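Novice: Sharing a structure below in structure tokens format, with a few things to ask.
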Amino acid sequence: MKYEFWIIASITELVDYPDEQSDEYTPQENFQEIMDALDICVPINEIYEHYYNQPVHTGHVLVFANKLQPDTCIVFDTYRDPTDQHDMIQFGWRVSAKKANLSIRQLSRRFYDECEDAVRYEEGQSVLYKVLQEGRYPRKLYYNKVFEQQIKRYLV
């Protein structure tokens, strides 16, 4: 059995800028704790940079799975909606029900509660079902033209 979390928030919530005078950033502290708890190192800097360098009306679903426990994963839907002015993305994680102890639930909720620009939080046993369903891809998204969103999986 799996336990899943899904958040809709600005991509800026995933990073911190420790020095306002510098362009350097680090993974947001609570998000780093979640990655550590899941034993998944996500290349958040690459995802963040790529998100802003890709054109609007593009962006794939990225799944980073733990090599030793492939059911444990972190998911990012990096689609850039052309009408979105807050750079919102959807992201979440899945763990075995055994590992979804109180601490991972508390970490997840604390991460969301401390976001300045977040709109949705879900947790449960089939929250990521549709997102991770291989048969949904390529997913056709329409805005003046068709974009075929893919799901890309990485073992880390």
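Starting from 1 in every chain, residues are counted up; chains themselves are A, B, ... following the order of the structure tokens, and ligands are numbered from 1 as listed.
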Quick one: contact table of segment 36-118 of chain A to segment 133-148 of chain A, 9 Å max, nearest atom pair and distance in Å to one decimal per residue, counting only C-alpha atoms, chain and number order, as a tab-separated table?
Specialist:
```
residue	atom	partner	partner_atom	distance
A:His57	CA	A:Phe147	CA	6.9
A:Thr58	CA	A:Phe147	CA	6.5
A:Gly59	CA	A:Phe147	CA	8.9
A:His60	CA	A:Glu148	CA	8.6
A:Asp81	CA	A:Tyr143	CA	8.8
A:Pro82	CA	A:Tyr143	CA	7.8
```
Novice: For segment 33-46 of chain A, find every residue with an atom within 8 Å (counting only C-alpha atoms), except residues of its own chain fewer than 3 positions away, and show them as a PDB file with N, CA, C and O atoms, in the first residue's frame.
Specialist:
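What landed in result-v3.pdb:
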```pdb
ATOM      1  N   LEU A  14      10.001  25.905  -4.155  1.00  0.00           N
ATOM      2  CA  LEU A  14      10.930  24.777  -4.046  1.00  0.00           C
ATOM      3  C   LEU A  14      12.369  25.209  -3.764  1.00  0.00           C
ATOM      4  O   LEU A  14      13.219  24.368  -3.499  1.00  0.00           O
ATOM      5  N   VAL A  15      12.633  26.509  -3.832  1.00  0.00           N
ATOM      6  CA  VAL A  15      13.998  26.993  -3.614  1.00  0.00           C
ATOM      7  C   VAL A  15      13.995  28.178  -2.656  1.00  0.00           C
ATOM      8  O   VAL A  15      12.988  28.853  -2.470  1.00  0.00           O
ATOM      9  N   THR A  26      19.233  27.607  -3.111  1.00  0.00           N
ATOM     10  CA  THR A  26      19.363  26.235  -2.615  1.00  0.00           C
ATOM     11  C   THR A  26      17.960  25.632  -2.546  1.00  0.00           C
ATOM     12  O   THR A  26      16.969  26.370  -2.547  1.00  0.00           O
ATOM     13  N   PRO A  27      17.868  24.304  -2.455  1.00  0.00           N
ATOM     14  CA  PRO A  27      16.539  23.723  -2.256  1.00  0.00           C
ATOM     15  C   PRO A  27      15.919  24.255  -0.969  1.00  0.00           C
ATOM     16  O   PRO A  27      16.616  24.464   0.023  1.00  0.00           O
ATOM     17  N   GLU A  29      14.310  24.453   2.505  1.00  0.00           N
ATOM     18  CA  GLU A  29      14.690  23.613   3.647  1.00  0.00           C
ATOM     19  C   GLU A  29      13.713  22.463   3.902  1.00  0.00           C
ATOM     20  O   GLU A  29      14.122  21.313   4.082  1.00  0.00           O
ATOM     21  N   ASN A  30      12.412  22.745   3.937  1.00  0.00           N
ATOM     22  CA  ASN A  30      11.431  21.679   4.174  1.00  0.00           C
ATOM     23  C   ASN A  30      11.409  20.678   3.026  1.00  0.00           C
ATOM     24  O   ASN A  30      11.258  19.477   3.247  1.00  0.00           O
ATOM     25  N   GLU A  49      15.763  25.817 -13.294  1.00  0.00           N
ATOM     26  CA  GLU A  49      16.322  26.557 -14.441  1.00  0.00           C
ATOM     27  C   GLU A  49      15.601  26.184 -15.737  1.00  0.00           C
ATOM     28  O   GLU A  49      15.264  27.054 -16.539  1.00  0.00           O
ATOM     29  N   HIS A  50      15.390  24.881 -15.941  1.00  0.00           N
ATOM     30  CA  HIS A  50      14.735  24.430 -17.169  1.00  0.00           C
ATOM     31  C   HIS A  50      13.313  24.979 -17.261  1.00  0.00           C
ATOM     32  O   HIS A  50      12.851  25.360 -18.343  1.00  0.00           O
ATOM     33  N   PHE A  64      10.994  11.012 -10.353  1.00  0.00           N
ATOM     34  CA  PHE A  64      12.285  10.609  -9.806  1.00  0.00           C
ATOM     35  C   PHE A  64      12.023   9.542  -8.751  1.00  0.00           C
ATOM     36  O   PHE A  64      11.445   9.831  -7.711  1.00  0.00           O
ATOM     37  N   ALA A  65      12.441   8.315  -9.066  1.00  0.00           N
ATOM     38  CA  ALA A  65      12.153   7.186  -8.176  1.00  0.00           C
ATOM     39  C   ALA A  65      13.418   6.728  -7.468  1.00  0.00           C
ATOM     40  O   ALA A  65      14.517   6.785  -8.023  1.00  0.00           O
ATOM     41  N   ASN A  66      13.234   6.247  -6.253  1.00  0.00           N
ATOM     42  CA  ASN A  66      14.316   5.687  -5.463  1.00  0.00           C
ATOM     43  C   ASN A  66      14.747   4.361  -6.095  1.00  0.00           C
ATOM     44  O   ASN A  66      13.913   3.497  -6.348  1.00  0.00           O
ATOM     45  N   THR A  72       8.666   4.410  -4.291  1.00  0.00           N
ATOM     46  CA  THR A  72       8.864   5.685  -3.620  1.00  0.00           C
ATOM     47  C   THR A  72       9.389   6.666  -4.659  1.00  0.00           C
ATOM     48  O   THR A  72      10.407   6.415  -5.302  1.00  0.00           O
ATOM     49  N   CYS A  73       8.679   7.789  -4.846  1.00  0.00           N
ATOM     50  CA  CYS A  73       9.083   8.717  -5.899  1.00  0.00           C
ATOM     51  C   CYS A  73       8.655  10.140  -5.576  1.00  0.00           C
ATOM     52  O   CYS A  73       7.810  10.375  -4.712  1.00  0.00           O
ATOM     53  N   ILE A  74       9.264  11.074  -6.303  1.00  0.00           N
ATOM     54  CA  ILE A  74       8.879  12.482  -6.282  1.00  0.00           C
ATOM     55  C   ILE A  74       8.500  12.834  -7.718  1.00  0.00           C
ATOM     56  O   ILE A  74       9.221  12.493  -8.658  1.00  0.00           O
ATOM     57  N   VAL A  95       5.149   7.329  -1.009  1.00  0.00           N
ATOM     58  CA  VAL A  95       5.942   6.464  -0.134  1.00  0.00           C
ATOM     59  C   VAL A  95       5.104   5.236   0.214  1.00  0.00           C
ATOM     60  O   VAL A  95       3.891   5.245   0.057  1.00  0.00           O
ATOM     61  N   ILE A 104       6.758  12.116   7.966  1.00  0.00           N
ATOM     62  CA  ILE A 104       6.662  12.518   6.557  1.00  0.00           C
ATOM     63  C   ILE A 104       5.365  13.294   6.322  1.00  0.00           C
ATOM     64  O   ILE A 104       5.334  14.247   5.553  1.00  0.00           O
ATOM     65  N   LEU A 107       6.122  16.745   7.807  1.00  0.00           N
ATOM     66  CA  LEU A 107       7.021  17.478   6.906  1.00  0.00           C
ATOM     67  C   LEU A 107       6.262  18.014   5.694  1.00  0.00           C
ATOM     68  O   LEU A 107       6.451  19.163   5.291  1.00  0.00           O
ATOM     69  N   SER A 108       5.431  17.171   5.113  1.00  0.00           N
ATOM     70  CA  SER A 108       4.673  17.557   3.921  1.00  0.00           C
ATOM     71  C   SER A 108       3.725  18.710   4.239  1.00  0.00           C
ATOM     72  O   SER A 108       3.657  19.695   3.491  1.00  0.00           O
ATOM     73  N   VAL A 156      16.995   7.402  -9.214  1.00  0.00           N
ATOM     74  CA  VAL A 156      18.081   8.155  -8.551  1.00  0.00           C
ATOM     75  C   VAL A 156      18.410   7.533  -7.206  1.00  0.00           C
ATOM     76  O   VAL A 156      17.664   6.796  -6.638  1.00  0.00           O
TER      77      VAL A 156
END
```
Novice: Pull the strand (DSSP E or B) assignments for segment 58-152 of chain A out of DSSP run on the backbone, and list those residues as a PyMOL selection string.
Specialist: chain A and resi 61-65+73-77+88-96+118-124+139-143+145-149+151-152
Novice: Figure out the distance between atom CA of Arg153 of chain A and atom CA of Tyr25 of chain A, please, to one decimal in Å.
Specialist: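 Going from atom CA of Tyr25 of chain A over to atom CA of Arg153 of chain A, I get 25.2 Å.
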Novice: Just the residues within 12 Å of Trp6 of chain A, please, counting only C-alpha atoms, with nothing from its chain fewer than 6 positions along; format it as an mmCIF file with all heavy atoms, in the first residue's frame.
Specialist:
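This went into selection-v2.cif:
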```cif
data_model
loop_
_atom_site.group_PDB
_atom_site.id
_atom_site.type_symbol
_atom_site.label_atom_id
_atom_site.label_comp_id
_atom_site.auth_asym_id
_atom_site.auth_seq_id
_atom_site.Cartn_x
_atom_site.Cartn_y
_atom_site.Cartn_z
ATOM 1 N N CYS A 73 8.679 7.789 -4.846
ATOM 2 C CA CYS A 73 9.083 8.717 -5.899
ATOM 3 C C CYS A 73 8.655 10.140 -5.576
ATOM 4 O O CYS A 73 7.810 10.375 -4.712
ATOM 5 C CB CYS A 73 8.506 8.275 -7.247
ATOM 6 S SG CYS A 73 6.706 8.274 -7.314
ATOM 7 N N ILE A 74 9.264 11.074 -6.303
ATOM 8 C CA ILE A 74 8.879 12.482 -6.282
ATOM 9 C C ILE A 74 8.500 12.834 -7.718
ATOM 10 O O ILE A 74 9.221 12.493 -8.658
ATOM 11 C CB ILE A 74 10.022 13.379 -5.774
ATOM 12 C CG1 ILE A 74 10.377 13.010 -4.329
ATOM 13 C CG2 ILE A 74 9.632 14.848 -5.874
ATOM 14 C CD1 ILE A 74 11.545 13.801 -3.743
ATOM 15 N N VAL A 75 7.370 13.513 -7.881
ATOM 16 C CA VAL A 75 6.796 13.793 -9.201
ATOM 17 C C VAL A 75 6.632 15.302 -9.381
ATOM 18 O O VAL A 75 6.177 15.989 -8.466
ATOM 19 C CB VAL A 75 5.417 13.120 -9.337
ATOM 20 C CG1 VAL A 75 4.822 13.366 -10.710
ATOM 21 C CG2 VAL A 75 5.484 11.645 -9.015
ATOM 22 N N PHE A 76 6.979 15.784 -10.580
ATOM 23 C CA PHE A 76 6.777 17.191 -10.935
ATOM 24 C C PHE A 76 6.032 17.254 -12.265
ATOM 25 O O PHE A 76 6.481 16.669 -13.245
ATOM 26 C CB PHE A 76 8.117 17.925 -11.133
ATOM 27 C CG PHE A 76 8.985 17.953 -9.925
ATOM 28 C CD1 PHE A 76 9.921 16.956 -9.715
ATOM 29 C CD2 PHE A 76 8.885 18.976 -9.009
ATOM 30 C CE1 PHE A 76 10.741 16.971 -8.613
ATOM 31 C CE2 PHE A 76 9.707 18.995 -7.888
ATOM 32 C CZ PHE A 76 10.632 17.992 -7.693
ATOM 33 N N ASP A 77 4.932 17.967 -12.298
ATOM 34 C CA ASP A 77 4.272 18.272 -13.569
ATOM 35 C C ASP A 77 4.702 19.687 -13.910
ATOM 36 O O ASP A 77 4.221 20.659 -13.326
ATOM 37 C CB ASP A 77 2.755 18.171 -13.437
ATOM 38 C CG ASP A 77 2.035 18.425 -14.755
ATOM 39 O OD1 ASP A 77 2.653 18.988 -15.694
ATOM 40 O OD2 ASP A 77 0.844 18.074 -14.851
ATOM 41 N N ILE A 89 3.141 25.069 -10.506
ATOM 42 C CA ILE A 89 3.347 23.703 -10.972
ATOM 43 C C ILE A 89 2.653 22.769 -9.986
ATOM 44 O O ILE A 89 2.260 23.181 -8.895
ATOM 45 C CB ILE A 89 4.840 23.322 -11.124
ATOM 46 C CG1 ILE A 89 5.549 23.278 -9.769
ATOM 47 C CG2 ILE A 89 5.545 24.253 -12.091
ATOM 48 C CD1 ILE A 89 6.908 22.604 -9.839
ATOM 49 N N GLN A 90 2.545 21.524 -10.402
ATOM 50 C CA GLN A 90 2.007 20.504 -9.516
ATOM 51 C C GLN A 90 3.135 19.541 -9.203
ATOM 52 O O GLN A 90 3.918 19.200 -10.089
ATOM 53 C CB GLN A 90 0.865 19.761 -10.208
ATOM 54 C CG GLN A 90 -0.279 20.681 -10.591
ATOM 55 C CD GLN A 90 -1.369 19.941 -11.314
ATOM 56 O OE1 GLN A 90 -2.087 19.148 -10.705
ATOM 57 N NE2 GLN A 90 -1.496 20.180 -12.600
ATOM 58 N N PHE A 91 3.231 19.141 -7.957
ATOM 59 C CA PHE A 91 4.287 18.209 -7.572
ATOM 60 C C PHE A 91 3.850 17.436 -6.340
ATOM 61 O O PHE A 91 2.938 17.835 -5.619
ATOM 62 C CB PHE A 91 5.621 18.923 -7.324
ATOM 63 C CG PHE A 91 5.540 20.044 -6.327
ATOM 64 C CD1 PHE A 91 5.837 19.817 -4.991
ATOM 65 C CD2 PHE A 91 5.186 21.319 -6.718
ATOM 66 C CE1 PHE A 91 5.764 20.845 -4.063
ATOM 67 C CE2 PHE A 91 5.116 22.358 -5.802
ATOM 68 C CZ PHE A 91 5.400 22.120 -4.459
ATOM 69 N N GLY A 92 4.502 16.314 -6.135
ATOM 70 C CA GLY A 92 4.154 15.507 -4.984
ATOM 71 C C GLY A 92 5.106 14.345 -4.821
ATOM 72 O O GLY A 92 6.105 14.227 -5.527
ATOM 73 N N TRP A 93 4.772 13.456 -3.884
ATOM 74 C CA TRP A 93 5.635 12.310 -3.612
ATOM 75 C C TRP A 93 4.784 11.145 -3.156
ATOM 76 O O TRP A 93 3.659 11.312 -2.695
ATOM 77 C CB TRP A 93 6.713 12.635 -2.592
ATOM 78 C CG TRP A 93 6.284 13.564 -1.511
ATOM 79 C CD1 TRP A 93 5.784 13.235 -0.292
ATOM 80 C CD2 TRP A 93 6.303 14.983 -1.547
ATOM 81 N NE1 TRP A 93 5.495 14.355 0.433
ATOM 82 C CE2 TRP A 93 5.800 15.447 -0.322
ATOM 83 C CE3 TRP A 93 6.685 15.919 -2.504
ATOM 84 C CZ2 TRP A 93 5.683 16.799 -0.020
ATOM 85 C CZ3 TRP A 93 6.566 17.256 -2.210
ATOM 86 C CH2 TRP A 93 6.081 17.691 -0.979
ATOM 87 N N ARG A 94 5.356 9.956 -3.320
ATOM 88 C CA ARG A 94 4.686 8.720 -2.911
ATOM 89 C C ARG A 94 5.654 7.893 -2.094
ATOM 90 O O ARG A 94 6.829 7.775 -2.436
ATOM 91 C CB ARG A 94 4.250 7.936 -4.151
ATOM 92 C CG ARG A 94 3.580 6.618 -3.796
ATOM 93 C CD ARG A 94 3.017 5.938 -4.999
ATOM 94 N NE ARG A 94 4.094 5.498 -5.860
ATOM 95 C CZ ARG A 94 3.908 4.994 -7.064
ATOM 96 N NH1 ARG A 94 2.706 4.904 -7.574
ATOM 97 N NH2 ARG A 94 4.929 4.601 -7.776
ATOM 98 N N ARG A 105 4.319 12.941 7.028
ATOM 99 C CA ARG A 105 3.065 13.690 6.910
ATOM 100 C C ARG A 105 3.228 15.095 7.494
ATOM 101 O O ARG A 105 2.761 16.074 6.924
ATOM 102 C CB ARG A 105 1.934 12.937 7.587
ATOM 103 C CG ARG A 105 1.583 11.657 6.830
ATOM 104 C CD ARG A 105 0.502 10.871 7.482
ATOM 105 N NE ARG A 105 -0.747 11.586 7.294
ATOM 106 C CZ ARG A 105 -1.856 11.321 7.986
ATOM 107 N NH1 ARG A 105 -1.851 10.381 8.905
ATOM 108 N NH2 ARG A 105 -2.956 11.997 7.762
ATOM 109 N N SER A 108 5.431 17.171 5.113
ATOM 110 C CA SER A 108 4.673 17.557 3.921
ATOM 111 C C SER A 108 3.725 18.710 4.239
ATOM 112 O O SER A 108 3.657 19.695 3.491
ATOM 113 C CB SER A 108 3.877 16.369 3.389
ATOM 114 O OG SER A 108 4.743 15.320 3.039
ATOM 115 N N ARG A 109 3.012 18.600 5.337
ATOM 116 C CA ARG A 109 2.064 19.651 5.698
ATOM 117 C C ARG A 109 2.781 20.949 6.072
ATOM 118 O O ARG A 109 2.348 22.038 5.709
ATOM 119 C CB ARG A 109 1.163 19.179 6.847
ATOM 120 C CG ARG A 109 0.030 20.117 7.139
ATOM 121 C CD ARG A 109 -0.861 20.253 5.922
ATOM 122 N NE ARG A 109 -1.553 21.515 5.955
ATOM 123 C CZ ARG A 109 -2.693 21.741 5.353
ATOM 124 N NH1 ARG A 109 -3.282 20.803 4.648
ATOM 125 N NH2 ARG A 109 -3.250 22.914 5.425
ATOM 126 N N PHE A 111 5.684 21.915 4.926
ATOM 127 C CA PHE A 111 6.150 22.501 3.660
ATOM 128 C C PHE A 111 5.024 23.322 3.034
ATOM 129 O O PHE A 111 5.213 24.481 2.676
ATOM 130 C CB PHE A 111 6.617 21.405 2.696
ATOM 131 C CG PHE A 111 6.915 21.918 1.323
ATOM 132 C CD1 PHE A 111 8.113 22.561 1.061
ATOM 133 C CD2 PHE A 111 5.999 21.789 0.297
ATOM 134 C CE1 PHE A 111 8.393 23.063 -0.201
ATOM 135 C CE2 PHE A 111 6.261 22.286 -0.960
ATOM 136 C CZ PHE A 111 7.460 22.926 -1.213
ATOM 137 N N TYR A 112 3.849 22.731 2.905
ATOM 138 C CA TYR A 112 2.719 23.431 2.274
ATOM 139 C C TYR A 112 2.303 24.661 3.082
ATOM 140 O O TYR A 112 2.085 25.734 2.519
ATOM 141 C CB TYR A 112 1.533 22.481 2.118
ATOM 142 C CG TYR A 112 0.323 23.169 1.537
ATOM 143 C CD1 TYR A 112 0.248 23.432 0.172
ATOM 144 C CD2 TYR A 112 -0.729 23.585 2.354
ATOM 145 C CE1 TYR A 112 -0.852 24.084 -0.370
ATOM 146 C CE2 TYR A 112 -1.832 24.228 1.826
ATOM 147 C CZ TYR A 112 -1.888 24.473 0.461
ATOM 148 O OH TYR A 112 -2.970 25.128 -0.065
ATOM 149 N N ALA A 118 0.700 29.026 -2.593
ATOM 150 C CA ALA A 118 0.235 27.656 -2.806
ATOM 151 C C ALA A 118 -1.282 27.640 -2.806
ATOM 152 O O ALA A 118 -1.921 28.435 -2.116
ATOM 153 C CB ALA A 118 0.770 26.736 -1.719
ATOM 154 N N VAL A 119 -1.861 26.725 -3.592
ATOM 155 C CA VAL A 119 -3.317 26.720 -3.707
ATOM 156 C C VAL A 119 -3.973 25.379 -3.384
ATOM 157 O O VAL A 119 -5.185 25.326 -3.206
ATOM 158 C CB VAL A 119 -3.785 27.170 -5.114
ATOM 159 C CG1 VAL A 119 -3.422 28.614 -5.351
ATOM 160 C CG2 VAL A 119 -3.223 26.287 -6.197
ATOM 161 N N ARG A 120 -3.212 24.299 -3.315
ATOM 162 C CA ARG A 120 -3.859 23.012 -3.065
ATOM 163 C C ARG A 120 -2.914 22.035 -2.387
ATOM 164 O O ARG A 120 -1.737 21.967 -2.720
ATOM 165 C CB ARG A 120 -4.330 22.420 -4.378
ATOM 166 C CG ARG A 120 -5.148 21.167 -4.199
ATOM 167 C CD ARG A 120 -5.753 20.745 -5.495
ATOM 168 N NE ARG A 120 -6.675 19.658 -5.253
ATOM 169 C CZ ARG A 120 -7.609 19.297 -6.066
ATOM 170 N NH1 ARG A 120 -7.773 19.950 -7.192
ATOM 171 N NH2 ARG A 120 -8.394 18.294 -5.789
ATOM 172 N N TYR A 121 -3.478 21.253 -1.459
ATOM 173 C CA TYR A 121 -2.740 20.208 -0.763
ATOM 174 C C TYR A 121 -3.651 18.996 -0.659
ATOM 175 O O TYR A 121 -4.790 19.115 -0.222
ATOM 176 C CB TYR A 121 -2.342 20.674 0.646
ATOM 177 C CG TYR A 121 -1.669 19.622 1.476
ATOM 178 C CD1 TYR A 121 -0.293 19.465 1.437
ATOM 179 C CD2 TYR A 121 -2.407 18.780 2.320
ATOM 180 C CE1 TYR A 121 0.336 18.495 2.207
ATOM 181 C CE2 TYR A 121 -1.783 17.818 3.094
ATOM 182 C CZ TYR A 121 -0.412 17.676 3.029
ATOM 183 O OH TYR A 121 0.215 16.723 3.786
ATOM 184 N N GLU A 122 -3.133 17.843 -1.083
ATOM 185 C CA GLU A 122 -3.879 16.593 -0.955
ATOM 186 C C GLU A 122 -2.943 15.528 -0.410
ATOM 187 O O GLU A 122 -1.764 15.507 -0.740
ATOM 188 C CB GLU A 122 -4.374 16.093 -2.310
ATOM 189 C CG GLU A 122 -5.454 16.907 -2.951
ATOM 190 C CD GLU A 122 -5.860 16.305 -4.280
ATOM 191 O OE1 GLU A 122 -6.471 15.214 -4.287
ATOM 192 O OE2 GLU A 122 -5.547 16.913 -5.309
ATOM 193 N N GLU A 123 -3.494 14.630 0.373
ATOM 194 C CA GLU A 123 -2.757 13.441 0.782
ATOM 195 C C GLU A 123 -3.741 12.295 0.876
ATOM 196 O O GLU A 123 -4.910 12.497 1.172
ATOM 197 C CB GLU A 123 -1.994 13.637 2.086
ATOM 198 C CG GLU A 123 -2.825 13.863 3.311
ATOM 199 C CD GLU A 123 -1.977 13.955 4.570
ATOM 200 O OE1 GLU A 123 -1.365 15.013 4.796
ATOM 201 O OE2 GLU A 123 -1.944 12.973 5.329
ATOM 202 N N GLY A 124 -3.256 11.101 0.548
ATOM 203 C CA GLY A 124 -4.124 9.936 0.581
ATOM 204 C C GLY A 124 -3.487 8.770 -0.152
ATOM 205 O O GLY A 124 -2.309 8.805 -0.510
ATOM 206 N N GLN A 125 -4.284 7.757 -0.447
ATOM 207 C CA GLN A 125 -3.729 6.549 -1.022
ATOM 208 C C GLN A 125 -3.765 6.494 -2.544
ATOM 209 O O GLN A 125 -3.105 5.654 -3.126
ATOM 210 C CB GLN A 125 -4.439 5.330 -0.444
ATOM 211 C CG GLN A 125 -4.110 5.162 1.015
ATOM 212 C CD GLN A 125 -4.772 3.955 1.618
ATOM 213 O OE1 GLN A 125 -5.630 3.335 1.029
ATOM 214 N NE2 GLN A 125 -4.352 3.614 2.823
ATOM 215 N N SER A 126 -4.512 7.339 -3.213
ATOM 216 C CA SER A 126 -4.512 7.301 -4.676
ATOM 217 C C SER A 126 -4.488 8.701 -5.281
ATOM 218 O O SER A 126 -5.043 8.955 -6.332
ATOM 219 C CB SER A 126 -5.717 6.511 -5.194
ATOM 220 O OG SER A 126 -6.909 7.054 -4.686
ATOM 221 N N VAL A 127 -3.827 9.608 -4.610
ATOM 222 C CA VAL A 127 -3.751 11.000 -5.035
ATOM 223 C C VAL A 127 -2.994 11.138 -6.361
ATOM 224 O O VAL A 127 -3.338 11.962 -7.202
ATOM 225 C CB VAL A 127 -3.099 11.851 -3.927
ATOM 226 C CG1 VAL A 127 -2.851 13.261 -4.374
ATOM 227 C CG2 VAL A 127 -3.959 11.827 -2.677
ATOM 228 N N LEU A 128 -1.975 10.329 -6.572
ATOM 229 C CA LEU A 128 -1.145 10.412 -7.781
ATOM 230 C C LEU A 128 -1.554 9.409 -8.859
ATOM 231 O O LEU A 128 -0.867 9.276 -9.867
ATOM 232 C CB LEU A 128 0.325 10.187 -7.427
ATOM 233 C CG LEU A 128 0.952 11.179 -6.464
ATOM 234 C CD1 LEU A 128 2.389 10.792 -6.159
ATOM 235 C CD2 LEU A 128 0.890 12.586 -7.026
ATOM 236 N N TYR A 129 -2.648 8.716 -8.666
ATOM 237 C CA TYR A 129 -3.035 7.646 -9.572
ATOM 238 C C TYR A 129 -3.055 8.094 -11.035
ATOM 239 O O TYR A 129 -2.410 7.501 -11.890
ATOM 240 C CB TYR A 129 -4.396 7.072 -9.169
ATOM 241 C CG TYR A 129 -4.897 6.019 -10.117
ATOM 242 C CD1 TYR A 129 -4.347 4.745 -10.108
ATOM 243 C CD2 TYR A 129 -5.903 6.309 -11.031
ATOM 244 C CE1 TYR A 129 -4.780 3.779 -10.992
ATOM 245 C CE2 TYR A 129 -6.346 5.348 -11.915
ATOM 246 C CZ TYR A 129 -5.790 4.082 -11.897
ATOM 247 O OH TYR A 129 -6.215 3.129 -12.780
ATOM 248 N N LYS A 130 -3.794 9.162 -11.336
ATOM 249 C CA LYS A 130 -3.901 9.627 -12.724
ATOM 250 C C LYS A 130 -2.571 10.137 -13.258
ATOM 251 O O LYS A 130 -2.213 9.882 -14.395
ATOM 252 C CB LYS A 130 -4.958 10.726 -12.848
ATOM 253 C CG LYS A 130 -6.357 10.220 -12.873
ATOM 254 C CD LYS A 130 -7.301 11.372 -13.150
ATOM 255 C CE LYS A 130 -8.724 10.882 -13.289
ATOM 256 N NZ LYS A 130 -9.641 11.986 -13.555
ATOM 257 N N VAL A 131 -1.860 10.877 -12.453
ATOM 258 C CA VAL A 131 -0.597 11.477 -12.905
ATOM 259 C C VAL A 131 0.408 10.406 -13.314
ATOM 260 O O VAL A 131 1.118 10.566 -14.299
ATOM 261 C CB VAL A 131 0.002 12.369 -11.797
ATOM 262 C CG1 VAL A 131 1.358 12.911 -12.192
ATOM 263 C CG2 VAL A 131 -0.940 13.491 -11.451
ATOM 264 N N LEU A 132 0.474 9.310 -12.574
ATOM 265 C CA LEU A 132 1.472 8.273 -12.830
ATOM 266 C C LEU A 132 0.997 7.180 -13.784
ATOM 267 O O LEU A 132 1.755 6.268 -14.090
ATOM 268 C CB LEU A 132 1.910 7.643 -11.502
ATOM 269 C CG LEU A 132 2.649 8.577 -10.559
ATOM 270 C CD1 LEU A 132 2.902 7.902 -9.220
ATOM 271 C CD2 LEU A 132 3.949 9.055 -11.180
#
```
Novice: Hey, what does DSSP flag as alpha helix (DSSP H) within chain A? Can you give it to me as a PyMOL selection string?
Specialist: chain A and resi 29-38+44-53+102-113
Novice: Tell me which of A:Gln32, A:Ser22, A:Gln150, A:Ser10 sits closest to Asp87 of chain A, counting only C-alpha atoms.
Specialist: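 Using only C-alpha atoms, Asp87 of chain A sits closest to A:Ser10.
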Novice: Point out the residue among A:His86, A:Arg110, A:Arg80, A:Lys67 with the least atom-to-atom distance to Tyr154 of chain A, counting only C-alpha atoms.
Specialist: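 When distances to Tyr154 of chain A are compared using only C-alpha atoms, the smallest one comes from A:Lys67.
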Novice: Quote the spacing between atom CA of Cys115 of chain A and atom CA of Met88 of chain A in Å to one decimal place.
Specialist: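 We find that atom CA of Cys115 of chain A and atom CA of Met88 of chain A lie 12.0 Å from each other.
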Novice: Using only C-alpha atoms, can you tell me which of A:Asp113, A:Gln69, A:Ile47, A:Tyr52 comes closest to Ala9 of chain A?
Specialist: A:Asp113
